[in-house]
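Source file: run.cif; contents: mmCIF, C-alpha atoms and all ligand atoms.
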data_protein
loop_
_atom_site.label_atom_id
_atom_site.label_comp_id
_atom_site.auth_asym_id
_atom_site.auth_seq_id
_atom_site.Cartn_x
_atom_site.Cartn_y
_atom_site.Cartn_z
CA MET A 1 8.64 -3.77 -12.80
CA ASP A 2 9.62 -1.87 -9.71
CA TRP A 3 6.95 -1.81 -7.07
CA THR A 4 9.06 -0.01 -4.47
CA LEU A 5 7.28 3.05 -3.18
CA ASN A 6 9.02 6.41 -3.11
CA ASP A 7 8.01 9.44 -1.02
CA VAL A 8 5.57 10.72 -3.63
CA ASP A 9 3.81 7.34 -3.84
CA ARG A 10 3.61 7.03 -0.07
CA ALA A 11 2.10 10.49 0.30
CA VAL A 12 -0.47 9.87 -2.45
CA TYR A 13 -1.52 6.61 -0.83
CA ARG A 14 -1.62 7.93 2.73
CA ASP A 15 -3.26 11.31 2.06
CA GLU A 16 -5.51 10.68 -0.94
CA ILE A 17 -6.19 7.01 -1.51
CA GLU A 18 -6.18 5.15 1.76
CA PRO A 19 -8.90 7.26 3.42
CA TRP A 20 -11.26 6.19 0.64
CA LEU A 21 -10.46 2.48 0.55
CA PRO A 22 -12.79 -0.13 1.98
CA ASP A 23 -11.27 -2.88 4.15
CA ARG A 24 -11.28 -5.35 1.29
CA ILE A 25 -10.32 -4.74 -2.30
CA LEU A 26 -11.23 -6.95 -5.25
CA ASP A 27 -9.14 -6.36 -8.35
CA PHE A 28 -11.27 -7.67 -11.22
CA HIS A 29 -8.67 -7.33 -13.99
CA VAL A 30 -5.08 -8.45 -13.57
CA HIS A 31 -2.59 -10.37 -15.72
CA VAL A 32 -0.29 -13.08 -14.40
CA ASN A 33 2.39 -14.70 -16.54
CA LEU A 34 6.04 -15.66 -16.66
CA PRO A 35 8.49 -14.45 -19.32
CA GLU A 36 8.55 -17.92 -20.87
CA HIS A 37 4.81 -17.71 -21.56
CA THR A 38 5.44 -15.23 -24.35
CA GLY A 39 7.25 -16.12 -27.56
CA PRO A 40 9.35 -13.63 -29.50
CA ILE A 41 7.53 -10.41 -30.42
CA ALA A 42 8.48 -8.68 -33.67
CA PRO A 43 9.84 -5.12 -33.27
CA GLU A 44 7.07 -3.68 -35.49
CA ARG A 45 4.45 -5.19 -33.19
CA ILE A 46 6.08 -3.52 -30.18
CA ALA A 47 6.33 -0.25 -32.10
CA ALA A 48 2.59 -0.37 -32.83
CA ASN A 49 1.53 -0.91 -29.21
CA TRP A 50 3.11 1.10 -26.42
CA ALA A 51 1.79 -1.32 -23.82
CA MET A 52 3.81 -4.21 -25.20
CA GLU A 53 7.06 -2.57 -24.20
CA VAL A 54 5.74 -1.72 -20.74
CA GLY A 55 3.73 -4.78 -19.89
CA THR A 56 6.34 -7.26 -18.96
CA ALA A 57 5.65 -10.48 -17.13
CA GLN A 58 4.20 -10.68 -13.63
CA SER A 59 4.47 -13.83 -11.54
CA TRP A 60 2.09 -14.68 -8.71
CA GLU A 61 4.83 -13.82 -6.23
CA GLU A 62 5.36 -10.44 -7.86
CA LEU A 63 1.64 -9.73 -7.86
CA ARG A 64 1.41 -10.49 -4.16
CA ALA A 65 4.39 -8.25 -3.49
CA THR A 66 2.86 -5.47 -5.58
CA TYR A 67 -0.44 -5.60 -3.72
CA ALA A 68 1.37 -5.62 -0.37
CA SER A 69 3.44 -2.66 -1.45
CA LEU A 70 0.76 -0.54 -3.11
CA PHE A 71 -2.04 -1.35 -0.64
CA PRO A 72 -0.07 -2.00 2.56
CA THR A 73 -3.06 -1.62 4.82
CA ARG A 74 -5.57 -3.68 2.83
CA GLU A 75 -6.10 -7.26 1.68
CA VAL A 76 -6.53 -7.62 -2.05
CA ALA A 77 -8.26 -10.48 -3.84
CA CYS A 78 -8.33 -10.70 -7.62
CA VAL A 79 -9.79 -12.07 -10.80
CA ALA A 80 -6.68 -13.05 -12.74
CA PHE A 81 -5.81 -14.24 -16.22
CA GLY A 82 -2.82 -14.65 -18.46
CA THR A 83 -1.42 -12.35 -21.07
CA VAL A 84 -3.41 -11.99 -24.24
CA TYR A 85 -1.23 -11.43 -27.27
CA ARG A 86 -0.96 -13.71 -30.27
CA GLU A 87 2.65 -14.42 -29.24
CA THR A 88 1.47 -15.84 -25.90
CA LEU A 89 1.81 -19.56 -25.28
CA THR A 90 -1.77 -19.61 -24.09
CA ASP A 91 -2.02 -23.19 -22.80
CA ALA A 92 1.12 -22.87 -20.70
CA ASN A 93 0.07 -19.49 -19.36
CA ASN A 94 -3.44 -20.77 -18.53
CA ALA A 95 -1.97 -23.72 -16.61
CA TYR A 96 0.16 -21.30 -14.60
CA VAL A 97 -2.84 -19.11 -13.82
CA LEU A 98 -4.93 -22.07 -12.71
CA ALA A 99 -2.19 -23.51 -10.52
CA GLY A 100 -1.67 -20.14 -8.82
CA ALA A 101 -5.38 -19.70 -8.19
CA ALA A 102 -5.38 -23.00 -6.31
CA ASP A 103 -3.02 -21.44 -3.76
CA PRO A 104 -5.17 -19.69 -1.14
CA ALA A 105 -2.40 -17.16 -0.56
CA ASN A 106 -3.18 -15.64 -3.95
CA ARG A 107 -6.88 -15.06 -3.16
CA ALA A 108 -7.57 -15.38 -6.86
CA VAL A 109 -10.37 -16.39 -9.18
CA PRO A 110 -8.93 -17.56 -12.51
CA LEU A 111 -10.19 -16.78 -16.01
CA MET A 112 -8.99 -18.67 -19.07
CA CYS A 113 -7.50 -16.88 -22.04
CA THR A 114 -8.96 -18.42 -25.19
CA ARG A 115 -8.20 -18.78 -28.88
CA PRO A 116 -11.10 -18.60 -31.30
CA GLU A 117 -10.01 -21.73 -33.17
CA TRP A 118 -10.29 -23.88 -30.05
CA PRO A 119 -13.11 -26.44 -30.02
CA ALA A 120 -15.96 -25.50 -27.68
CA ASP A 121 -15.34 -28.70 -25.68
CA LYS A 122 -11.98 -27.39 -24.62
CA VAL A 123 -13.64 -24.30 -23.20
CA ALA A 124 -16.55 -26.20 -21.64
CA GLU A 125 -14.30 -28.72 -19.90
CA SER A 126 -12.10 -26.00 -18.43
CA LEU A 127 -14.94 -24.12 -16.78
CA ARG A 128 -16.45 -24.81 -13.41
CA PRO A 129 -19.32 -23.26 -11.54
CA ILE A 130 -18.12 -20.43 -9.29
CA GLY A 131 -18.23 -22.23 -5.97
CA PRO A 132 -16.85 -21.13 -2.63
CA ILE A 133 -13.85 -19.04 -3.48
CA THR A 134 -10.71 -18.31 -1.58
CA HIS A 135 -11.10 -14.66 -0.81
CA LEU A 136 -10.72 -14.16 2.88
CA GLY A 137 -11.64 -16.33 5.78
CA PRO A 138 -12.37 -20.02 5.38
CA ILE A 139 -10.97 -21.51 2.23
CA GLY A 140 -13.18 -23.51 -0.09
CA PRO A 141 -12.11 -26.47 -2.19
CA SER A 142 -9.22 -25.83 -4.55
CA PRO A 143 -10.38 -24.50 -7.87
CA SER A 144 -10.44 -27.22 -10.48
CA GLY A 145 -11.32 -24.99 -13.38
CA PHE A 146 -11.79 -21.46 -14.60
CA ALA A 147 -14.61 -19.13 -13.61
CA GLY A 148 -14.85 -17.69 -17.09
CA ILE A 149 -12.90 -16.58 -20.11
CA LYS A 150 -10.78 -13.69 -21.29
CA PRO A 151 -10.76 -13.66 -25.09
CA TYR A 152 -8.86 -10.91 -26.86
CA PRO A 153 -9.11 -9.25 -30.29
CA ASP A 154 -5.40 -9.65 -31.02
CA VAL A 155 -5.92 -13.38 -31.66
CA ALA A 156 -8.79 -12.87 -34.15
CA PRO A 157 -8.23 -13.72 -37.80
CA GLU A 158 -6.80 -10.70 -39.61
CA GLY A 159 -9.43 -8.34 -40.98
CA ASP A 160 -12.43 -9.59 -39.01
CA GLU A 161 -13.36 -6.87 -36.53
CA SER A 162 -16.40 -8.52 -34.92
CA ILE A 163 -16.49 -9.65 -31.30
CA TYR A 164 -17.43 -13.10 -32.64
CA ALA A 165 -14.12 -13.26 -34.51
CA PHE A 166 -12.28 -13.81 -31.23
CA VAL A 167 -15.08 -15.26 -29.09
CA PRO A 168 -17.16 -17.50 -31.35
CA HIS A 169 -20.74 -18.50 -30.62
CA ALA A 170 -19.69 -22.03 -29.66
CA HIS A 171 -17.54 -20.62 -26.85
CA LEU A 172 -20.34 -18.31 -25.74
CA ARG A 173 -22.75 -21.25 -25.59
CA ALA A 174 -20.33 -23.17 -23.35
CA LEU A 175 -19.83 -20.12 -21.17
CA ASN A 176 -23.58 -19.55 -20.90
CA GLU A 177 -24.03 -23.16 -19.83
CA ALA A 178 -21.44 -22.71 -17.06
CA GLU A 179 -22.80 -19.27 -16.08
CA GLY A 180 -19.26 -18.03 -16.44
CA ILE A 181 -17.67 -14.62 -16.64
CA LEU A 182 -16.85 -13.03 -19.97
CA MET A 183 -14.12 -10.43 -19.59
CA LEU A 184 -14.58 -8.58 -22.84
CA HIS A 185 -12.06 -6.23 -24.43
CA LEU A 186 -14.04 -4.47 -27.17
CA PRO A 187 -12.60 -4.57 -30.68
CA ARG A 188 -12.83 -1.93 -33.43
CA ALA A 189 -11.11 1.44 -33.56
CA GLY A 190 -14.23 3.21 -32.31
CA ARG A 191 -14.25 1.18 -29.09
CA ILE A 192 -17.53 1.39 -27.19
CA GLY A 193 -18.33 4.40 -29.36
CA ASP A 194 -18.81 2.07 -32.34
CA PRO A 195 -22.50 1.10 -32.57
CA ALA A 196 -21.53 -2.31 -33.99
CA ASN A 197 -19.85 -3.15 -30.67
CA VAL A 198 -22.86 -2.04 -28.65
CA GLN A 199 -25.18 -4.00 -30.93
CA GLU A 200 -23.09 -7.18 -30.57
CA VAL A 201 -22.93 -6.85 -26.78
CA ARG A 202 -26.71 -6.48 -26.66
CA GLU A 203 -27.06 -9.52 -28.88
CA ILE A 204 -24.78 -11.58 -26.62
CA ARG A 205 -26.90 -10.54 -23.64
CA LEU A 206 -30.07 -11.69 -25.38
CA ARG A 207 -28.73 -14.98 -26.69
CA TYR A 208 -26.58 -15.91 -23.69
CA PRO A 209 -28.31 -14.34 -20.68
CA ARG A 210 -26.50 -16.43 -18.06
CA ILE A 211 -23.08 -15.12 -19.01
CA LYS A 212 -21.72 -12.57 -16.54
CA ILE A 213 -20.36 -9.95 -18.85
CA VAL A 214 -17.69 -7.45 -17.81
CA ILE A 215 -16.57 -4.90 -20.37
CA ALA A 216 -12.93 -4.07 -19.79
CA HIS A 217 -11.56 -0.55 -19.36
CA VAL A 218 -15.05 1.07 -19.42
CA GLY A 219 -15.34 -0.13 -23.00
CA ARG A 220 -11.94 1.41 -23.77
CA ALA A 221 -13.60 4.80 -23.38
CA TYR A 222 -10.39 6.43 -22.24
CA CYS A 223 -11.75 9.77 -23.43
CA LEU A 224 -15.10 11.38 -22.72
CA PRO A 225 -16.47 11.61 -26.31
CA THR A 226 -16.09 7.83 -26.67
CA ALA A 227 -17.98 7.26 -23.43
CA GLU A 228 -20.72 9.66 -24.46
CA ARG A 229 -21.24 7.84 -27.72
CA GLY A 230 -21.24 4.32 -26.31
CA LEU A 231 -22.31 4.07 -22.68
CA PRO A 232 -25.94 5.17 -23.12
CA GLY A 233 -26.50 2.20 -25.45
CA LEU A 234 -25.76 -0.21 -22.59
CA ALA A 235 -27.02 1.87 -19.68
CA ASP A 236 -30.43 0.20 -19.41
CA ASP A 237 -29.08 -3.35 -19.03
CA ASP A 238 -28.38 -4.21 -15.39
CA GLY A 239 -26.48 -7.31 -16.48
CA VAL A 240 -23.62 -5.47 -18.15
CA PHE A 241 -20.70 -4.58 -15.88
CA PHE A 242 -17.64 -2.47 -16.61
CA ASP A 243 -14.18 -2.61 -15.13
CA ILE A 244 -12.28 0.68 -14.79
CA SER A 245 -8.80 -0.79 -15.30
CA ALA A 246 -6.11 1.26 -17.03
CA ASN A 247 -8.53 4.15 -17.39
CA LEU A 248 -7.26 7.35 -15.80
CA ASN A 249 -10.02 9.73 -16.81
CA ALA A 250 -12.12 11.31 -14.03
CA ASP A 251 -14.53 12.79 -16.61
CA VAL A 252 -15.21 9.33 -18.04
CA PHE A 253 -15.73 7.87 -14.56
CA ARG A 254 -18.05 10.76 -13.67
CA TYR A 255 -20.03 10.15 -16.84
CA ALA A 256 -20.17 6.41 -16.14
CA LEU A 257 -21.40 7.05 -12.59
CA ASP A 258 -24.15 9.26 -14.01
CA THR A 259 -25.26 6.91 -16.81
CA ILE A 260 -24.42 3.41 -15.51
CA GLY A 261 -24.40 4.13 -11.80
CA PRO A 262 -22.05 2.94 -9.03
CA ASP A 263 -23.39 -0.63 -8.88
CA ARG A 264 -22.05 -1.89 -12.23
CA LEU A 265 -18.53 -0.52 -12.08
CA LEU A 266 -15.71 -2.79 -10.92
CA PHE A 267 -12.22 -1.86 -9.82
CA GLY A 268 -9.51 -3.46 -11.94
CA SER A 269 -5.80 -2.74 -11.94
CA ASP A 270 -4.49 -4.10 -15.24
CA LEU A 271 -1.24 -4.74 -13.38
CA PRO A 272 1.59 -5.00 -14.20
CA ILE A 273 1.27 -2.29 -16.85
CA THR A 274 -0.09 0.29 -14.39
CA LEU A 275 3.08 0.16 -12.33
CA MET A 276 4.40 2.60 -14.90
CA ARG A 277 4.93 6.00 -13.28
CA GLY A 278 3.44 9.00 -15.00
CA MET A 279 0.22 10.64 -15.98
CA ARG A 280 -2.14 10.84 -18.92
CA GLU A 281 -3.61 13.79 -20.78
CA HIS A 282 -6.88 13.48 -22.66
CA VAL A 283 -7.30 15.59 -25.78
CA GLY A 284 -10.52 15.02 -27.69
CA GLU A 285 -10.54 11.31 -28.47
CA LYS A 286 -6.84 10.83 -27.90
CA TYR A 287 -4.89 10.12 -24.78
CA ILE A 288 -1.24 10.94 -24.31
CA ASN A 289 0.82 8.96 -21.82
CA TYR A 290 3.60 10.72 -19.99
CA THR A 291 6.15 8.75 -18.04
CA SER A 292 9.63 9.06 -16.64
CA ALA A 293 10.53 5.52 -17.70
CA PRO A 294 13.08 4.87 -20.44
CA TYR A 295 10.78 3.31 -23.05
CA SER A 296 11.71 3.76 -26.69
CA TRP A 297 8.44 5.60 -27.38
CA ASN A 298 8.96 8.00 -24.50
CA THR A 299 10.15 11.01 -26.48
CA ASN A 300 7.54 13.54 -25.36
CA ARG A 301 8.61 14.45 -21.84
CA LYS A 302 7.49 16.89 -19.20
CA SER A 303 9.97 18.92 -17.15
CA PRO A 304 12.12 17.13 -14.56
CA ASP A 305 10.13 18.95 -11.86
CA GLU A 306 6.85 17.53 -13.12
CA GLU A 307 8.33 14.07 -13.61
CA ALA A 308 9.53 14.10 -10.01
CA GLY A 309 5.88 14.27 -8.97
CA TYR A 310 4.83 11.17 -10.92
CA THR A 311 3.28 8.20 -9.21
CA PHE A 312 1.97 4.85 -10.46
CA PHE A 313 -0.66 4.84 -13.20
CA LEU A 314 -2.65 2.64 -10.85
CA TYR A 315 -2.69 5.33 -8.19
CA GLU A 316 -3.70 7.84 -10.88
CA GLU A 317 -6.59 5.57 -11.85
CA ILE A 318 -7.81 5.48 -8.24
CA ARG A 319 -7.29 9.23 -7.85
CA ALA A 320 -9.49 9.75 -10.92
CA LEU A 321 -12.14 7.45 -9.48
CA ILE A 322 -12.16 9.33 -6.17
CA ALA A 323 -12.43 12.66 -7.99
CA ALA A 324 -15.38 11.37 -10.02
CA ILE A 325 -17.16 10.02 -6.95
CA GLU A 326 -16.70 13.34 -5.17
CA ARG A 327 -17.99 15.32 -8.13
CA SER A 328 -20.99 13.01 -8.43
CA GLY A 329 -21.92 13.76 -4.84
CA LEU A 330 -21.42 10.12 -3.94
CA GLY A 331 -19.30 8.99 -1.03
CA LYS A 332 -17.35 6.13 0.43
CA ALA A 333 -20.27 3.73 0.11
CA ALA A 334 -20.04 4.01 -3.68
CA MET A 335 -16.27 3.60 -3.47
CA ALA A 336 -16.67 0.40 -1.43
CA ARG A 337 -19.08 -1.02 -4.01
CA ILE A 338 -16.73 -0.31 -6.88
CA MET A 339 -13.55 -1.41 -5.08
CA HIS A 340 -15.03 -4.67 -3.79
CA ASP A 341 -18.73 -5.35 -3.29
CA ASN A 342 -19.97 -5.22 -6.90
CA GLY A 343 -17.31 -7.69 -8.01
CA ALA A 344 -17.87 -9.97 -5.03
CA GLY A 345 -21.57 -9.99 -5.84
CA LEU A 346 -20.86 -10.91 -9.44
CA LEU A 347 -18.74 -13.84 -8.22
CA GLY A 348 -21.70 -14.97 -6.16
CA ARG A 349 -20.28 -14.27 -2.76
ZN ZN B 1 -5.70 -6.10 -19.28
#
Translate the structure of the given file into structure tokens.
Ligand SMILES: [Zn+2]
Amino acid sequence: MDWTLNDVDRAVYRDEIEPWLPDRILDFHVHVNLPEHTGPIAPERIAANWAMEVGTAQSWEELRATYASLFPTREVACVAFGTVYRETLTDANNAYVLAGAADPANRAVPLMCTRPEWPADKVAESLRPIGPITHLGPIGPSPSGFAGIKPYPDVAPEGDESIYAFVPHAHLRALNEAEGILMLHLPRAGRIGDPANVQEVREIRLRYPRIKIVIAHVGRAYCLPTAERGLPGLADDDGVFFDISANLNADVFRYALDTIGPDRLLFGSDLPITLMRGMREHVGEKYINYTSAPYSWNTNRKSPDEEAGYTFFLYEEIRALIAAIERSGLGKAAMARIMHDNGAGLLGR
């Protein structure tokens, strides 16, 4: 996707975002993959998931160029993993992720995408303790394995909605042993608002306490009622972290700051999908994406005047975070924790 900045983007970055950014940014949720890592996707699958049409491939080179373009005055490190759909050629994509993470220029910590049918040995042998990592400054030894896993509900057997359907206990045991990261995309239509999800996360915490658990997209609470139902159930556990990726809702972030606090929220970009230009409206439990891009699903458009003011979804995410921090009465110190320090701490740096 096009990561060239226009005048609107440049003004948003310069006037609204940059003044809030710490010197270092750690993006805890980003996808890296080449087109050949995804097999053919059936049209009905694309029709059922707007993101599939948007989220095209992103090479390491493209990711570096995107960071340099979107955050021209900052250095960005990342926690990176492949793409997660059942059509993905997961082994090939994982190999690409791992090879890229060995290049210090990418400043990346790799996570392995997994398939539930894989033997636990395969997971165990691919993990390594999080040693010195190539963020900034002196470079440690090249990574020889993954720092954790990124399982995904799309690869679960049809009809089984449990977290364990796509990340079985055997994998969790291996991950616990390695003290690895679990980047968890919650299943079920109710997202974090479904008590079964909260109960399973609490159970994973009890049974596998050495796993570093990060719940993606604030538990997929893209809308406030979902957050209100789900976040309190995990608020008392200091060991549960949340990334804010692909979430554009200042009310949700404000609520998360109030219930979870600023020390367990992690910036994540979900690039490349958030290079889409547009905005999101939140109505009850539904969100509506607006964009100027020519996707087949893009039939509900705003006026040309409004579309001319669009910027990247990623900038909108950061705008929402800044708004929430301001409304919470917190300041740049909280922003620095979310944009970098909390994630760096979780990686043991
Ligand atoms: Zn993602």
Query - Pairwise distance for CA of Glu200 in chain A and CA of Gly159 in chain A, rounded to one decimal in Å - result: 17.2 Å
Requested in this report: Measure the distance from CA of Leu34 in chain A to CA of Glu61 in chain A in Å and round it to one decimal.
Outcome: 10.7 Å
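Residue nearest Asp15 in chain A within the list A:Ala308, A:Arg319, A:Asp103, A:Lys122: A:Arg319 [criterion: smallest interatomic distance, only C-alpha atoms].
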Report task. Around ligand ZN 1 (chain B), at most 8 Å away and counting all atoms listed in the file, which residues are there? Put them as a ChimeraX atom specification, please. Result -> /A:29-31,83,216,245-246,270-271
Report summary line: The residue from A:Ala105, A:Arg254, A:Phe166, A:Arg188 with the smallest atom-to-atom distance to Ala65 in chain A, counting all atoms listed in the file, is A:Ala105
Query - Of the listed residues A:Pro157, A:Ala333, A:Ala227, A:Val84, that which approaches Ala51 in chain A most closely, counting all atoms listed in the file - result: A:Val84
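For range 230-233 of chain A, the list of residues within 9 Å, based on all atoms listed in the file and with local chain neighbours fewer than 6 positions off taken out, reads Arg191, Ile192, Gly193, Asp194, Pro195, Asn197, Val198, Gln199, Arg202, Val218, Gly219, Ala221, Tyr255, Ala256, Thr259 and Ile260 of chain A.
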Around (-19.5, -23.9, -23.8) in the file's frame, which residues reach within 7 Å when counting all atoms listed in the file? Return as a JSON list (two decimals) with C-alpha atoms, in the coordinates of the input?
[["chain", "number", "residue", "atom", "x", "y", "z"],
["A", 120, "ALA", "CA", -15.96, -25.50, -27.68],
["A", 121, "ASP", "CA", -15.34, -28.70, -25.68],
["A", 123, "VAL", "CA", -13.64, -24.30, -23.20],
["A", 124, "ALA", "CA", -16.55, -26.20, -21.64],
["A", 170, "ALA", "CA", -19.69, -22.03, -29.66],
["A", 171, "HIS", "CA", -17.54, -20.62, -26.85],
["A", 172, "LEU", "CA", -20.34, -18.31, -25.74],
["A", 173, "ARG", "CA", -22.75, -21.25, -25.59],
["A", 174, "ALA", "CA", -20.33, -23.17, -23.35],
["A", 175, "LEU", "CA", -19.83, -20.12, -21.17],
["A", 176, "ASN", "CA", -23.58, -19.55, -20.90],
["A", 177, "GLU", "CA", -24.03, -23.16, -19.83]]
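CA of His217 in chain A to CA of Leu275 in chain A spans 16.3 Å [interatomic distance, one decimal].
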Report task. Tell me, as a PyMOL selection string, which residues lie within 12 Å of Phe28 in chain A, counting only C-alpha atoms; anything in the same chain fewer than 3 positions away does not count. Result -> chain A and resi 25+31+76-81+107-111+150+181-183+214-217+241-246+265-271+338-347
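Closest approach to Asn93 in chain A among A:Asn106, A:Ala334, A:Arg128, A:Thr38: A:Thr38, based on only C-alpha atoms.
Between Tyr290 in chain A and the residues A:Pro22, A:Trp50, A:Phe71, A:Ile322, the shortest atom-to-atom distance, using only C-alpha atoms, involves A:Trp50.
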Requested in this report: For the point (2.5, -14.4, -24.1) in the file's frame, write as number ranges by chain all residues with an atom no more than 8 Å away, counting only C-alpha atoms.
Outcome: A: 33, 35-39, 82-90, 93
**Report entry** Residues within 8 Å of Glu161 in chain A, only C-alpha atoms, excluding chain neighbours under 3 positions, as a PyMOL selection string
**Finding:** chain A and resi 153+156+165+187-188
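Counting only C-alpha atoms and comparing A:Val283, A:Val97, A:Val240, A:Val252, the residue that lies closest to Met112 in chain A is A:Val97.
Every protein or nucleic acid residue with an atom no more than 12 Å from Glu306 in chain A, counting only C-alpha atoms and leaving out same-chain residues fewer than 5 positions away, appears here: A:Val8, A:Arg277, A:Gly278, A:Met279, A:Tyr290, A:Thr291, A:Ser292, A:Arg301, A:Thr311.
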